[in-house]
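*Asks:* I'd like to ask some things about the structure below.
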Amino acid sequence: MTEENKSNIYVTQPFLPDLKEFIPYLEQIWKNKILTNNGPFHQQLEDELCKYLGVKYISLFSNGTLALITALQALKITGEVITTPFSFVATTHALWWNNIKPVFVDIEPNTFTLDPDKIEAAITPSTTAILPVHVYGNPCYVDEIEKIAKKHSLKVIYDAAHTFGAQLKGHSLCSFGDLSILSFHATKVFNTFEGGAIVCHNQKMKHHIDNLKNFGFRGETVVEEPGINAKMNEVQAAMGLLQLKHVDCVIDRRKWVTTEYRKRLKNIKGITFLEEIKDVNHCYSYFPILVDSHKYGITRDELYQKLMNKNIFSRRYFFPLISQFPSYKHLESAQAENLPIAEKVANEVLCLPIYSEMKVGELERIVEILVK
Ligand SMILES: *Cc1c(COP(=O)(O)O)cnc(C)c1O
């Protein structure tokens with residue numbers, strides 16, 4: 001085995017620009033001694049992200065989870081919220097931190113996002129909002145969800161942590177719903193080491209959110225409401241500005257990896273994956289496959305182990321379902337018979353490594369194991 005054949009391949013690798021490009025930003029921070037609290041890089045990043053994403057207002061956060069928790073506060077969401085069990089656990093934890101009861105609704109098998117046909121049956125007099133997730137960057141059924149929300153006077157907050165720069169019919173995926181939440185965690189397509197944001201649609205809401213992330217301060221001595229500290233600092237914002245210069249290239253490279261996987265895996269019995277979705281500009285944040293053990297011969301977990309034996313670390317996102325975790329599994333909506341599609345997908349899904357600097361040789365190492 002050559003060295004390259006032994007080296008570890010992880011499910012993802014953060015994109016880092018050349019360190020030399022980052023130094024001037026740090027020098028600027030050292031010079032002006034503004035480290036946080038809506039500093040110049042923070043303001044610039046908000047402006048540039050609005051332009052890049054094609055949205056009107058954005059408020060930066062120290063991470064996506066705090067953005068999600070604050071978004072629920074900003075809309076004063078209480079009672080019950082309809083959400084998906086097929087996501088990263090932070091989606092539901094944000095509800096828990098707000099004393100909100102999650103109500104899990106099953107996903108739809110083509111996109112793995114919340115099934116709009118099953119939402120209405122889960123609405124009760126206590127329901128105040130819907131919290132869908134554009135999982136893997138696949139757009140939710142935004143039109144159907146909007147119709148249901150209007151009809152029942154519910155708010156909609158999209159967890160858009162998996163999407164960056166993605167578009168649906170030419171509109172930013174972040175332009176739907178009342179608010180959208182982004183994550184800029186190291187493992188995401190666009191990263192600021194840690195970071196996040198809320199996208200909103202009017203200036204009043206933007207001010208409200210900006211106050212909430214800074215203890216509720218409005219001016220020097222006025223504290224309007226009990227806010228939290230969720231501010232993005234200047235080093236994070238500077239990293240964001242630098243990442244933004246490279247992000248188109250990063251997404252292009254991820255597209256290349258996705259296209260190669262699709263080409264090379266398409267004739268394997270028992271392995272399926274999503275093709276391009278109509279009217280969508282994707283950001284290629286993950287490459288999930290489904291393993292049908294009867295047709296493929298071995299189970300998803302056996303394949304996961306087989307890859308691991310060759311130093312390839314795929315991930316079973318999202319297994320177990322959030323509804324299976326101890327904090328939530330007692331809920332009526334968390335029972336397996338309520339969530340058959342999510343249960344099936346969680347048991348068959350495997351996310352293969354994808355990152356912008358992936359080499360052909362690495363891809364071939366992975367594909368070779370899957371083909372055998
Ligand atoms: C990453 C992620 C989050 C949390 O974001 P952080 O920035 O890590 O706090 C929330 N929801 C989903 C779906 C995620 O993947």
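Residues in the structure tokens are numbered from 1 in each chain, the chains being A, B, ... in the order shown, and ligands are numbered from 1 in the order shown.
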Please, which residues in chain A fall within 8 Å of ligand 1 when counting only C-alpha atoms and all ligand atoms, and what is the closest atom pair and distance in Å to one decimal for each, ordered by chain then residue number, as a tab-separated table?
*Replies:*
residue	atom	partner	partner_atom_place_in_ligand_line	distance
A:Ser62	CA	ligand 1	7 (O)	7.7
A:Asn63	CA	ligand 1	7 (O)	4.0
A:Gly64	CA	ligand 1	7 (O)	3.4
A:Thr65	CA	ligand 1	9 (O)	3.7
A:Leu66	CA	ligand 1	9 (O)	6.5
A:Ala67	CA	ligand 1	9 (O)	7.8
A:Leu68	CA	ligand 1	10 (C)	7.5
A:Ser87	CA	ligand 1	13 (C)	5.2
A:Phe88	CA	ligand 1	13 (C)	4.6
A:Val89	CA	ligand 1	11 (N)	7.0
A:Ala90	CA	ligand 1	10 (C)	4.9
A:Thr91	CA	ligand 1	11 (N)	5.0
A:Val133	CA	ligand 1	13 (C)	6.3
A:His134	CA	ligand 1	13 (C)	7.7
A:Val135	CA	ligand 1	13 (C)	6.5
A:Asp159	CA	ligand 1	11 (N)	5.9
A:Ala160	CA	ligand 1	13 (C)	6.9
A:Ala161	CA	ligand 1	12 (C)	4.8
A:His162	CA	ligand 1	15 (O)	5.7
A:Leu182	CA	ligand 1	5 (O)	7.3
A:Ser183	CA	ligand 1	7 (O)	4.2
A:Phe184	CA	ligand 1	7 (O)	5.6
A:His185	CA	ligand 1	7 (O)	4.6
A:Thr187	CA	ligand 1	1 (C)	7.6
A:Lys188	CA	ligand 1	1 (C)	7.1
A:Glu194	CA	ligand 1	7 (O)	5.9
A:Gly195	CA	ligand 1	7 (O)	5.4
A:Gly196	CA	ligand 1	7 (O)	5.5
*Asks:* Fewer than 5 positions away in the same chain doesn't count, so skip those; otherwise give me all residues within 12 Å of Glu343 in chain A, counting only C-alpha atoms, as a PyMOL selection string.
*Replies:* chain A and resi 84-86+105-109+112+318-324+334-338+348-349
*Asks:* Would you list, as a ChimeraX atom specification, the residues of range 219-324 of chain A that end up in strand (DSSP E) under DSSP run on this structure's backbone?
*Replies:* /A:271-273,280-281,287-291,312-313
*Asks:* Would you put the residues from that selection into a file with all heavy atoms, as an mmCIF file, in the first residue's frame?
*Replies:*
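Saved the output as out_18.cif:
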data_model
loop_
_atom_site.group_PDB
_atom_site.id
_atom_site.type_symbol
_atom_site.label_atom_id
_atom_site.label_comp_id
_atom_site.auth_asym_id
_atom_site.auth_seq_id
_atom_site.Cartn_x
_atom_site.Cartn_y
_atom_site.Cartn_z
ATOM 1 N N ILE A 271 -27.521 0.475 -4.166
ATOM 2 C CA ILE A 271 -27.060 1.806 -3.743
ATOM 3 C C ILE A 271 -27.841 2.855 -4.538
ATOM 4 O O ILE A 271 -27.827 2.826 -5.770
ATOM 5 C CB ILE A 271 -25.548 2.002 -4.027
ATOM 6 C CG1 ILE A 271 -24.715 0.949 -3.306
ATOM 7 C CG2 ILE A 271 -25.098 3.433 -3.716
ATOM 8 C CD1 ILE A 271 -24.188 1.323 -1.964
ATOM 9 N N THR A 272 -28.506 3.750 -3.830
ATOM 10 C CA THR A 272 -29.210 4.837 -4.533
ATOM 11 C C THR A 272 -28.804 6.176 -3.946
ATOM 12 O O THR A 272 -28.282 6.256 -2.822
ATOM 13 C CB THR A 272 -30.747 4.680 -4.429
ATOM 14 O OG1 THR A 272 -31.081 4.483 -3.062
ATOM 15 C CG2 THR A 272 -31.247 3.527 -5.262
ATOM 16 N N PHE A 273 -29.016 7.207 -4.722
ATOM 17 C CA PHE A 273 -28.680 8.561 -4.270
ATOM 18 C C PHE A 273 -29.539 9.547 -5.036
ATOM 19 O O PHE A 273 -30.196 9.183 -6.025
ATOM 20 C CB PHE A 273 -27.193 8.864 -4.491
ATOM 21 C CG PHE A 273 -26.695 8.454 -5.846
ATOM 22 C CD1 PHE A 273 -26.890 9.275 -6.951
ATOM 23 C CD2 PHE A 273 -26.061 7.227 -6.025
ATOM 24 C CE1 PHE A 273 -26.454 8.888 -8.206
ATOM 25 C CE2 PHE A 273 -25.621 6.831 -7.292
ATOM 26 C CZ PHE A 273 -25.817 7.665 -8.377
ATOM 27 N N VAL A 280 -33.132 23.867 -9.049
ATOM 28 C CA VAL A 280 -32.320 24.118 -7.850
ATOM 29 C C VAL A 280 -30.849 24.301 -8.213
ATOM 30 O O VAL A 280 -30.289 23.497 -8.961
ATOM 31 C CB VAL A 280 -32.452 22.947 -6.843
ATOM 32 C CG1 VAL A 280 -31.503 23.126 -5.666
ATOM 33 C CG2 VAL A 280 -33.890 22.825 -6.366
ATOM 34 N N ASN A 281 -30.258 25.376 -7.696
ATOM 35 C CA ASN A 281 -28.792 25.500 -7.719
ATOM 36 C C ASN A 281 -28.310 25.005 -6.373
ATOM 37 O O ASN A 281 -28.485 25.677 -5.363
ATOM 38 C CB ASN A 281 -28.356 26.951 -7.892
ATOM 39 C CG ASN A 281 -28.595 27.426 -9.297
ATOM 40 O OD1 ASN A 281 -28.816 26.628 -10.209
ATOM 41 N ND2 ASN A 281 -28.564 28.736 -9.473
ATOM 42 N N PHE A 287 -22.901 14.172 0.491
ATOM 43 C CA PHE A 287 -23.254 13.184 -0.527
ATOM 44 C C PHE A 287 -23.810 11.933 0.154
ATOM 45 O O PHE A 287 -23.078 10.985 0.434
ATOM 46 C CB PHE A 287 -22.081 12.834 -1.453
ATOM 47 C CG PHE A 287 -22.551 12.025 -2.630
ATOM 48 C CD1 PHE A 287 -23.153 12.636 -3.713
ATOM 49 C CD2 PHE A 287 -22.462 10.634 -2.623
ATOM 50 C CE1 PHE A 287 -23.650 11.891 -4.784
ATOM 51 C CE2 PHE A 287 -22.951 9.882 -3.694
ATOM 52 C CZ PHE A 287 -23.540 10.523 -4.775
ATOM 53 N N PRO A 288 -25.122 11.955 0.422
ATOM 54 C CA PRO A 288 -25.740 10.792 1.076
ATOM 55 C C PRO A 288 -26.102 9.706 0.070
ATOM 56 O O PRO A 288 -26.566 10.004 -1.028
ATOM 57 C CB PRO A 288 -27.017 11.381 1.697
ATOM 58 C CG PRO A 288 -27.342 12.580 0.863
ATOM 59 C CD PRO A 288 -26.075 13.075 0.235
ATOM 60 N N ILE A 289 -25.864 8.453 0.455
ATOM 61 C CA ILE A 289 -26.359 7.323 -0.343
ATOM 62 C C ILE A 289 -27.281 6.496 0.550
ATOM 63 O O ILE A 289 -27.197 6.574 1.786
ATOM 64 C CB ILE A 289 -25.223 6.411 -0.871
ATOM 65 C CG1 ILE A 289 -24.384 5.832 0.290
ATOM 66 C CG2 ILE A 289 -24.339 7.156 -1.851
ATOM 67 C CD1 ILE A 289 -23.435 4.704 -0.135
ATOM 68 N N LEU A 290 -28.182 5.729 -0.068
ATOM 69 C CA LEU A 290 -29.004 4.787 0.683
ATOM 70 C C LEU A 290 -28.540 3.378 0.331
ATOM 71 O O LEU A 290 -28.322 3.064 -0.850
ATOM 72 C CB LEU A 290 -30.483 4.944 0.338
ATOM 73 C CG LEU A 290 -31.160 6.257 0.713
ATOM 74 C CD1 LEU A 290 -32.647 6.210 0.343
ATOM 75 C CD2 LEU A 290 -30.997 6.586 2.188
ATOM 76 N N VAL A 291 -28.379 2.547 1.349
ATOM 77 C CA VAL A 291 -27.925 1.176 1.150
ATOM 78 C C VAL A 291 -29.093 0.224 1.430
ATOM 79 O O VAL A 291 -29.552 0.114 2.564
ATOM 80 C CB VAL A 291 -26.752 0.840 2.101
ATOM 81 C CG1 VAL A 291 -26.238 -0.577 1.846
ATOM 82 C CG2 VAL A 291 -25.630 1.868 1.969
ATOM 83 N N ILE A 312 -11.371 5.071 5.923
ATOM 84 C CA ILE A 312 -12.310 6.026 5.317
ATOM 85 C C ILE A 312 -13.487 6.205 6.278
ATOM 86 O O ILE A 312 -14.185 5.244 6.606
ATOM 87 C CB ILE A 312 -12.786 5.525 3.934
ATOM 88 C CG1 ILE A 312 -11.578 5.485 2.986
ATOM 89 C CG2 ILE A 312 -13.893 6.426 3.374
ATOM 90 C CD1 ILE A 312 -11.764 4.610 1.785
ATOM 91 N N PHE A 313 -13.641 7.437 6.735
ATOM 92 C CA PHE A 313 -14.598 7.702 7.808
ATOM 93 C C PHE A 313 -15.841 8.396 7.266
ATOM 94 O O PHE A 313 -15.940 9.611 7.259
ATOM 95 C CB PHE A 313 -13.924 8.503 8.923
ATOM 96 C CG PHE A 313 -12.742 7.774 9.507
ATOM 97 C CD1 PHE A 313 -11.453 7.948 8.992
ATOM 98 C CD2 PHE A 313 -12.922 6.860 10.535
ATOM 99 C CE1 PHE A 313 -10.370 7.248 9.506
ATOM 100 C CE2 PHE A 313 -11.846 6.145 11.054
ATOM 101 C CZ PHE A 313 -10.558 6.343 10.532
#
*Asks:* Show which residues sit within 9 Å of Lys255 in chain A, as a PDB file with N, CA and C atoms, in the first residue's frame. Count only C-alpha atoms, and ignore same-chain residues fewer than 6 positions away.
*Replies:*
ATOM      1  N   HIS A 282     -27.712  23.847  -6.371  1.00  0.00           N
ATOM      2  CA  HIS A 282     -27.370  23.186  -5.106  1.00  0.00           C
ATOM      3  C   HIS A 282     -26.024  23.678  -4.593  1.00  0.00           C
ATOM      4  N   CYS A 283     -25.750  23.435  -3.318  1.00  0.00           N
ATOM      5  CA  CYS A 283     -24.419  23.805  -2.796  1.00  0.00           C
ATOM      6  C   CYS A 283     -23.587  22.564  -2.455  1.00  0.00           C
ATOM      7  N   TYR A 284     -24.153  21.380  -2.681  1.00  0.00           N
ATOM      8  CA  TYR A 284     -23.403  20.127  -2.582  1.00  0.00           C
ATOM      9  C   TYR A 284     -22.724  19.948  -1.226  1.00  0.00           C
ATOM     10  N   SER A 356     -13.866  20.230  -0.751  1.00  0.00           N
ATOM     11  CA  SER A 356     -13.418  20.895  -1.971  1.00  0.00           C
ATOM     12  C   SER A 356     -12.048  20.417  -2.445  1.00  0.00           C
TER      13      SER A 356
END
*Asks:* Write out as a count of residues only which residues come within 10 Å of Gly165 in chain A when counting only C-alpha atoms, dropping same-chain ones fewer than 3 positions away.
*Replies:* 17
*Asks:* Neighbouring residues of Trp256 in chain A were defined as those with any atom within 12 Å, considering only C-alpha atoms; residues of the same chain fewer than 3 positions away were excluded. Please report them as an mmCIF file with N, CA, C and O atoms, in the first residue's frame.
*Replies:*
data_model
loop_
_atom_site.group_PDB
_atom_site.id
_atom_site.type_symbol
_atom_site.label_atom_id
_atom_site.label_comp_id
_atom_site.auth_asym_id
_atom_site.auth_seq_id
_atom_site.Cartn_x
_atom_site.Cartn_y
_atom_site.Cartn_z
ATOM 1 N N CYS A 249 -15.628 28.806 -5.806
ATOM 2 C CA CYS A 249 -14.690 27.769 -6.210
ATOM 3 C C CYS A 249 -14.905 26.509 -5.364
ATOM 4 O O CYS A 249 -14.879 25.379 -5.869
ATOM 5 N N VAL A 250 -15.135 26.706 -4.071
ATOM 6 C CA VAL A 250 -15.394 25.589 -3.152
ATOM 7 C C VAL A 250 -16.645 24.814 -3.604
ATOM 8 O O VAL A 250 -16.633 23.580 -3.669
ATOM 9 N N ILE A 251 -17.700 25.545 -3.937
ATOM 10 C CA ILE A 251 -18.951 24.891 -4.351
ATOM 11 C C ILE A 251 -18.757 24.168 -5.692
ATOM 12 O O ILE A 251 -19.242 23.051 -5.878
ATOM 13 N N ASP A 252 -17.993 24.775 -6.589
ATOM 14 C CA ASP A 252 -17.681 24.127 -7.879
ATOM 15 C C ASP A 252 -16.967 22.799 -7.684
ATOM 16 O O ASP A 252 -17.267 21.811 -8.357
ATOM 17 N N ARG A 253 -16.006 22.800 -6.782
ATOM 18 C CA ARG A 253 -15.242 21.569 -6.533
ATOM 19 C C ARG A 253 -16.149 20.497 -5.925
ATOM 20 O O ARG A 253 -16.038 19.317 -6.242
ATOM 21 N N THR A 259 -20.692 14.954 -8.978
ATOM 22 C CA THR A 259 -20.880 14.430 -10.330
ATOM 23 C C THR A 259 -20.091 13.130 -10.520
ATOM 24 O O THR A 259 -20.594 12.165 -11.098
ATOM 25 N N GLU A 260 -18.872 13.104 -10.009
ATOM 26 C CA GLU A 260 -18.041 11.896 -10.126
ATOM 27 C C GLU A 260 -18.666 10.722 -9.374
ATOM 28 O O GLU A 260 -18.716 9.600 -9.882
ATOM 29 N N TYR A 261 -19.109 10.983 -8.156
ATOM 30 C CA TYR A 261 -19.774 9.928 -7.379
ATOM 31 C C TYR A 261 -20.964 9.374 -8.156
ATOM 32 O O TYR A 261 -21.151 8.170 -8.273
ATOM 33 N N ARG A 262 -21.778 10.288 -8.681
ATOM 34 C CA ARG A 262 -22.989 9.842 -9.377
ATOM 35 C C ARG A 262 -22.646 8.982 -10.585
ATOM 36 O O ARG A 262 -23.286 7.968 -10.847
ATOM 37 N N LYS A 263 -21.616 9.410 -11.310
ATOM 38 C CA LYS A 263 -21.198 8.661 -12.494
ATOM 39 C C LYS A 263 -20.703 7.267 -12.109
ATOM 40 O O LYS A 263 -21.052 6.276 -12.714
ATOM 41 N N CYS A 283 -25.750 23.435 -3.318
ATOM 42 C CA CYS A 283 -24.419 23.805 -2.796
ATOM 43 C C CYS A 283 -23.587 22.564 -2.455
ATOM 44 O O CYS A 283 -22.472 22.682 -1.987
ATOM 45 N N TYR A 284 -24.153 21.380 -2.681
ATOM 46 C CA TYR A 284 -23.403 20.127 -2.582
ATOM 47 C C TYR A 284 -22.724 19.948 -1.226
ATOM 48 O O TYR A 284 -21.541 19.627 -1.132
ATOM 49 N N PHE A 287 -22.901 14.172 0.491
ATOM 50 C CA PHE A 287 -23.254 13.184 -0.527
ATOM 51 C C PHE A 287 -23.810 11.933 0.154
ATOM 52 O O PHE A 287 -23.078 10.985 0.434
ATOM 53 N N ILE A 354 -16.963 14.246 1.319
ATOM 54 C CA ILE A 354 -17.012 15.276 0.273
ATOM 55 C C ILE A 354 -16.401 16.554 0.821
ATOM 56 O O ILE A 354 -16.738 16.981 1.925
ATOM 57 N N TYR A 355 -15.469 17.097 0.082
ATOM 58 C CA TYR A 355 -14.852 18.380 0.430
ATOM 59 C C TYR A 355 -14.153 18.932 -0.801
ATOM 60 O O TYR A 355 -13.895 18.203 -1.765
ATOM 61 N N SER A 356 -13.866 20.230 -0.751
ATOM 62 C CA SER A 356 -13.418 20.895 -1.971
ATOM 63 C C SER A 356 -12.048 20.417 -2.445
ATOM 64 O O SER A 356 -11.768 20.428 -3.632
ATOM 65 N N GLU A 357 -11.219 19.980 -1.506
ATOM 66 C CA GLU A 357 -9.873 19.589 -1.936
ATOM 67 C C GLU A 357 -9.715 18.087 -2.168
ATOM 68 O O GLU A 357 -8.600 17.573 -2.238
ATOM 69 N N MET A 358 -10.838 17.406 -2.322
ATOM 70 C CA MET A 358 -10.795 15.964 -2.537
ATOM 71 C C MET A 358 -10.089 15.634 -3.858
ATOM 72 O O MET A 358 -10.346 16.252 -4.884
ATOM 73 N N LYS A 359 -9.210 14.631 -3.786
ATOM 74 C CA LYS A 359 -8.442 14.263 -4.973
ATOM 75 C C LYS A 359 -9.080 13.059 -5.670
ATOM 76 O O LYS A 359 -9.767 12.266 -5.029
ATOM 77 N N VAL A 360 -8.804 12.942 -6.959
ATOM 78 C CA VAL A 360 -9.331 11.809 -7.719
ATOM 79 C C VAL A 360 -8.953 10.495 -7.053
ATOM 80 O O VAL A 360 -9.794 9.590 -6.920
ATOM 81 N N LEU A 363 -11.183 9.742 -4.153
ATOM 82 C CA LEU A 363 -12.509 9.341 -4.635
ATOM 83 C C LEU A 363 -12.472 7.895 -5.142
ATOM 84 O O LEU A 363 -13.366 7.092 -4.847
#
*Asks:* When you look at Asp279 in chain A with a cut-off of 8 Å (counting only C-alpha atoms), what residues show up, excluding the ones that are within fewer than 6 positions of it in the same chain? I need them as a PyMOL selection string.
*Replies:* chain A and resi 168-170
*Asks:* Those residues you just picked out, can you put them in a file as a PDB file, in the first residue's frame with C-alpha atoms?
*Replies:*
ATOM      1  CA  LEU A 168     -34.668  27.601  -5.805  1.00  0.00           C
ATOM      2  CA  LYS A 169     -36.110  28.925  -9.080  1.00  0.00           C
ATOM      3  CA  GLY A 170     -33.584  31.747  -8.951  1.00  0.00           C
TER       4      GLY A 170
END
*Asks:* May I have a table of the residues of range 45-149 of chain A lying at most 12 Å from range 31-40 of chain A, giving each one's closest pair of atoms and their distance in Å to one decimal, counting only C-alpha atoms, ordered by chain and ascending residue number, as a tab-separated table?
*Replies:*
residue	atom	partner	partner_atom	distance
A:Leu45	CA	A:Pro40	CA	8.6
A:Glu46	CA	A:Asn38	CA	9.8
A:Asp47	CA	A:Pro40	CA	10.7
A:Ser59	CA	A:Asn38	CA	10.0
A:Leu60	CA	A:Asn38	CA	9.1
A:Phe61	CA	A:Asn38	CA	10.5
A:Ser62	CA	A:Thr36	CA	10.6
*Asks:* What separation in Å, quoted to one decimal, exists between CA of Ser153 in chain A and CA of Ile123 in chain A?
*Replies:*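 So the answer is 11.0 Å.
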